[in-house]
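Trainee: Contents of target_27.txt (compact mmCIF, C-alpha atoms and all ligand atoms) are below:
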```txt
# COMPACT_ATOMS: atom_id res chain seq x y z
CA MET A 30 79.46 110.40 50.86
CA GLY A 31 77.58 111.46 53.95
CA ILE A 32 79.06 111.46 57.41
CA THR A 33 77.58 108.12 58.56
CA ASN A 34 78.39 104.53 57.64
CA GLY A 35 75.56 102.30 58.87
CA VAL A 36 73.16 101.71 61.73
CA HIS A 37 74.93 101.88 65.11
CA HIS A 38 71.73 100.67 66.76
CA VAL A 39 68.04 101.23 66.36
CA ALA A 40 66.00 101.12 69.60
CA TYR A 41 62.36 100.24 70.13
CA ARG A 42 60.32 99.46 73.19
CA CYS A 43 59.44 95.82 73.90
CA LYS A 44 56.85 94.19 76.13
CA ASN A 45 59.25 91.65 77.64
CA ALA A 46 63.02 91.67 77.19
CA LYS A 47 63.62 87.95 77.69
CA GLU A 48 60.73 86.93 75.44
CA THR A 49 62.12 89.28 72.77
CA VAL A 50 65.65 87.87 72.96
CA LEU A 51 64.38 84.29 72.72
CA TRP A 52 62.01 85.12 69.87
CA TYR A 53 64.64 86.74 67.63
CA GLN A 54 67.00 83.88 68.43
CA LYS A 55 64.45 81.17 67.66
CA TYR A 56 62.92 82.51 64.44
CA LEU A 57 65.71 84.58 62.89
CA GLY A 58 68.78 82.98 64.49
CA LEU A 59 69.98 86.34 65.84
CA ASP A 60 72.40 86.58 68.77
CA PHE A 61 71.80 88.43 72.02
CA VAL A 62 74.99 90.45 72.54
CA LEU A 63 74.50 92.93 75.39
CA ALA A 64 72.24 93.80 78.33
CA ILE A 65 72.27 97.16 80.09
CA ALA A 66 69.99 97.66 83.09
CA GLU A 67 69.29 100.47 85.52
CA ASP A 68 66.89 100.90 88.44
CA LYS A 69 67.04 104.67 88.64
CA VAL A 70 67.26 107.62 86.28
CA PRO A 71 71.01 108.40 86.49
CA SER A 72 70.52 112.19 86.64
CA THR A 73 67.70 112.48 89.19
CA GLY A 74 67.86 109.18 91.09
CA GLU A 75 64.13 108.68 90.44
CA PRO A 76 63.09 105.02 90.35
CA ASP A 77 62.66 104.00 86.71
CA PRO A 78 63.77 100.42 86.13
CA TYR A 79 64.59 99.39 82.61
CA MET A 80 66.29 96.58 80.74
CA HIS A 81 68.02 97.54 77.50
CA ILE A 82 68.88 94.60 75.25
CA PHE A 83 71.00 94.50 72.11
CA ILE A 84 70.62 91.95 69.30
CA ASP A 85 73.13 91.46 66.49
CA ILE A 86 71.27 91.69 63.16
CA GLY A 87 74.38 91.15 61.03
CA GLY A 88 76.38 93.50 58.84
CA GLY A 89 77.70 95.29 61.94
CA ASN A 90 74.21 96.51 62.81
CA ILE A 91 72.41 96.21 66.15
CA LEU A 92 68.71 96.07 67.02
CA ALA A 93 68.00 97.22 70.58
CA PHE A 94 64.94 97.21 72.83
CA PHE A 95 63.92 98.71 76.15
CA GLU A 96 61.59 96.96 78.55
CA LEU A 97 59.99 99.58 80.83
CA PRO A 98 57.83 97.62 83.30
CA THR A 99 56.54 100.64 85.27
CA LYS A 100 55.33 102.62 82.23
CA PRO A 101 51.84 102.42 80.70
CA GLU A 102 51.52 99.96 77.82
CA MET A 103 52.93 101.06 74.51
CA GLY A 104 50.48 102.38 71.91
CA ARG A 105 50.96 103.21 68.25
CA ASP A 106 50.14 106.26 66.14
CA PRO A 107 46.44 105.77 65.35
CA ASN A 108 46.71 107.94 62.21
CA THR A 109 49.44 105.87 60.53
CA PRO A 110 48.47 102.58 58.81
CA ILE A 111 49.93 99.52 60.48
CA TRP A 112 52.06 98.56 57.43
CA THR A 113 53.85 101.91 57.21
CA GLN A 114 56.31 101.89 60.07
CA HIS A 115 58.45 98.78 59.95
CA LEU A 116 61.96 97.45 60.19
CA ALA A 117 63.23 95.60 57.11
CA LEU A 118 66.13 93.24 57.66
CA LYS A 119 68.23 91.84 54.82
CA ALA A 120 67.83 88.08 54.42
CA ASN A 121 70.92 86.15 53.34
CA SER A 122 68.95 84.09 50.82
CA MET A 123 65.42 83.23 49.67
CA GLU A 124 65.94 79.77 51.11
CA GLU A 125 66.67 81.06 54.63
CA MET A 126 63.81 83.53 54.35
CA LEU A 127 61.35 80.76 53.48
CA THR A 128 62.70 78.56 56.29
CA ALA A 129 62.06 81.39 58.77
CA LYS A 130 58.53 81.78 57.36
CA ALA A 131 57.83 78.07 57.77
CA LYS A 132 59.16 78.08 61.34
CA MET A 133 56.95 81.01 62.31
CA GLU A 134 53.87 79.61 60.61
CA ALA A 135 54.39 76.26 62.36
CA ASP A 136 54.05 78.16 65.65
CA GLY A 137 50.93 80.04 64.52
CA ILE A 138 52.65 83.35 63.65
CA GLU A 139 51.03 84.96 60.63
CA VAL A 140 53.47 85.68 57.79
CA LEU A 141 52.58 87.69 54.69
CA GLY A 142 54.40 86.98 51.43
CA PRO A 143 56.80 86.49 49.81
CA VAL A 144 55.72 89.67 48.02
CA ASN A 145 57.61 90.34 44.79
CA HIS A 146 58.73 94.00 44.71
CA THR A 147 60.86 93.38 41.58
CA LEU A 148 63.93 94.86 43.33
CA PHE A 149 63.51 92.42 46.23
CA GLN A 150 61.14 89.83 47.63
CA SER A 151 59.74 90.31 51.12
CA ILE A 152 57.90 88.58 53.90
CA TYR A 153 56.17 90.48 56.72
CA PHE A 154 55.24 89.57 60.27
CA PHE A 155 54.97 91.05 63.76
CA ASP A 156 57.39 90.47 66.64
CA PRO A 157 56.05 89.73 70.16
CA SER A 158 55.77 93.46 70.95
CA GLY A 159 53.76 94.19 67.78
CA HIS A 160 56.58 95.72 65.76
CA ARG A 161 56.19 95.05 62.04
CA ILE A 162 59.26 93.28 60.71
CA GLU A 163 60.10 92.65 57.08
CA LEU A 164 62.68 90.23 55.74
CA ALA A 165 63.85 91.29 52.29
CA CYS A 166 65.91 89.33 49.80
CA ASP A 167 67.51 91.43 47.09
CA THR A 168 66.68 90.59 43.44
CA SER A 169 67.68 93.85 41.76
CA THR A 170 69.98 94.06 38.75
CA PRO A 171 72.41 96.84 37.78
CA ARG A 172 70.05 97.71 34.89
CA MET A 173 67.11 98.18 37.26
CA ASN A 174 69.14 100.27 39.68
CA LYS A 175 70.43 102.48 36.86
CA ALA A 176 66.94 103.02 35.44
CA LEU A 177 65.60 104.01 38.86
CA ASP A 178 68.51 106.27 39.63
CA LYS A 179 67.79 108.18 36.41
CA VAL A 180 64.20 109.06 37.34
CA LYS A 181 64.34 109.53 41.12
CA TRP A 182 64.46 113.34 41.14
CA ASP A 183 61.77 113.70 38.46
CA MET A 184 59.55 111.35 40.46
CA LEU A 185 60.14 113.21 43.68
CA ASP A 186 59.48 116.62 42.12
CA GLU A 187 56.29 115.40 40.43
CA TRP A 188 55.06 113.87 43.68
CA ASP A 189 55.87 117.06 45.54
CA ARG A 190 53.67 119.02 43.13
CA THR A 191 50.79 116.57 42.62
CA LYS A 192 50.76 114.09 45.57
CA LYS A 193 49.90 111.45 42.94
CA ALA A 194 52.13 108.48 42.18
CA PRO A 195 54.45 109.32 39.24
CA GLN A 196 54.52 106.70 36.46
CA HIS A 197 58.23 106.89 35.51
CA ALA A 198 58.98 103.44 36.92
CA ARG A 199 55.75 101.68 35.98
CA TRP A 200 57.85 98.64 34.98
CA LEU A 201 58.51 98.00 38.68
CA HIS A 202 54.84 97.14 39.16
CA ASP A 203 53.61 95.70 35.85
CA GLY A 204 56.26 93.02 35.30
CA SER A 205 57.72 94.65 32.17
CA GLU A 206 61.43 95.19 31.54
CA PRO A 207 63.20 98.31 32.79
CA PRO A 208 64.07 100.72 29.95
CA ALA A 209 67.43 100.19 28.24
CA GLU A 210 70.00 102.91 28.79
FE FE B 1 59.69 97.80 53.50
```
For the file at hand, write its structure as structure tokens.
Mentor:
Amino acid sequence: MGITNGVHHVAYRCKNAKETVLWYQKYLGLDFVLAIAEDKVPSTGEPDPYMHIFIDIGGGNILAFFELPTKPEMGRDPNTPIWTQHLALKANSMEEMLTAKAKMEADGIEVLGPVNHTLFQSIYFFDPSGHRIELACDTSTPRMNKALDKVKWDMLDEWDRTKKAPQHARWLHDGSEPPAE
């Protein structure tokens, strides 16, 4: 075991703290649990107002945001595709995931999926600040997990040499059965 046991909190920037709190509450049913605000940098006394909000995402994990009204608008890394950097939250069930999708779509929010990744099904959307959020509902079996565990190092080593996708777990993508033990 490593020396950590979960996400204490993950922090992103948001455009508007209140809008963010209400959005996560409305579409994902997540509770606002803490606000921390400051008008000055504690060390230097320089004016730098911020609002730091904390949202309970379940499982003892917290999603946090900073609103920084005096800073230039947030950008994103222009060299990284928009789908790459995202936060995937575990959905309790397919049913709740599809309800969230319907609620968002009713309000004109674009939702991609469900996409079947064999190990889990996912939907994707953007929050009001433009962060890409995924909801994932686990569909893996012990047999799948065992088969993947067996090939992970070979896949990583092959990738490291070739930078081409290794084919050890082709079954994940072509709908076939994972190999028996
Ligand atoms: Fe993902």
Trainee: Measure the distance from atom CA of A:Gly31 to atom CA of A:Leu185 in Å and round it to one decimal.
Mentor: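 Interatomic distance, atom CA of A:Gly31 to atom CA of A:Leu185: 20.3 Å.
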Trainee: Could you check which residues have any atom within 8 Å of (57.4, 97.7, 55.4), counting only C-alpha atoms with coordinates taken straight from the file, and then list them as a list of chain:residue names?
Mentor: A:Trp112, A:Thr113, A:Gln114, A:His115, A:Leu116, A:Ala117, A:Tyr153, A:Arg161, A:Ile162, A:Glu163
Trainee: For stretch 36-155 of chain A versus stretch 168-184 of chain A, which residues have an atom no more than 9 Å away, and what is each residue's nearest atom pair and distance in Å rounded to one decimal, using all atoms listed in the file, chain-then-number order, as JSON lines?
Mentor:
```
{"residue": "A:His146", "atom": "CA", "partner": "A:Thr168", "partner_atom": "CA", "distance": 8.7}
{"residue": "A:Thr147", "atom": "CA", "partner": "A:Thr168", "partner_atom": "CA", "distance": 6.7}
{"residue": "A:Leu148", "atom": "CA", "partner": "A:Ser169", "partner_atom": "CA", "distance": 4.2}
{"residue": "A:Phe149", "atom": "CA", "partner": "A:Thr168", "partner_atom": "CA", "distance": 4.6}
{"residue": "A:Gln150", "atom": "CA", "partner": "A:Thr168", "partner_atom": "CA", "distance": 7.0}
```
Trainee: The centre and edge lengths of an axis-aligned box containing all atoms of stretch 193-198 of chain A present in the file, extended by 5 Å on each side, are to be given in Å to one decimal, as lines of an AutoDock Vina configuration file.
Mentor:
```
center_x = 54.4
center_y = 107.4
center_z = 39.2
size_x = 19.1
size_y = 18.0
size_z = 17.4
```
Trainee: Counting all atoms listed in the file, which residue out of A:Leu201, A:Leu164, A:Ile32, A:Ala194 sits closest to ligand FE 1 (chain B)?
Mentor: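 Result for the nearest residue to ligand FE 1 (chain B): A:Leu164.
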Trainee: Using only C-alpha atoms, which of the listed residues (A:Pro157, A:Gly142, A:Gly137, A:Pro110) sits closest to A:Phe94?
Mentor: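 So, comparing all the options, the nearest one is A:Pro157.
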Trainee: So which residues touch stretch 97-99 of chain A within 9 Å, counting only C-alpha atoms, skipping near sequence neighbours fewer than 2 positions away, as a compact mmCIF listing (two decimals) with C-alpha atoms, keeping the file's coordinate frame?
Mentor:
```txt
# COMPACT_ATOMS: atom_id res chain seq x y z
CA ARG A 42 60.32 99.46 73.19
CA CYS A 43 59.44 95.82 73.90
CA LYS A 44 56.85 94.19 76.13
CA ASN A 45 59.25 91.65 77.64
CA ASP A 77 62.66 104.00 86.71
CA PRO A 78 63.77 100.42 86.13
CA TYR A 79 64.59 99.39 82.61
CA MET A 80 66.29 96.58 80.74
CA HIS A 81 68.02 97.54 77.50
CA PHE A 95 63.92 98.71 76.15
CA PRO A 101 51.84 102.42 80.70
CA GLU A 102 51.52 99.96 77.82
```
Trainee: In Å, rounded to a single decimal, give me how far atom CA of A:Ser72 is from atom CA of A:Asp85.
Mentor: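 Answer for the atom CA of A:Asp85 to atom CA of A:Ser72 separation: 29.0 Å.
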Trainee: May I ask which of the residues A:Gly159, A:Ala165, A:His38, A:Ala209 is the closest one to A:Met103, counting only C-alpha atoms?
Mentor: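 Of the candidates, the smallest distance to A:Met103 is held by A:Gly159.
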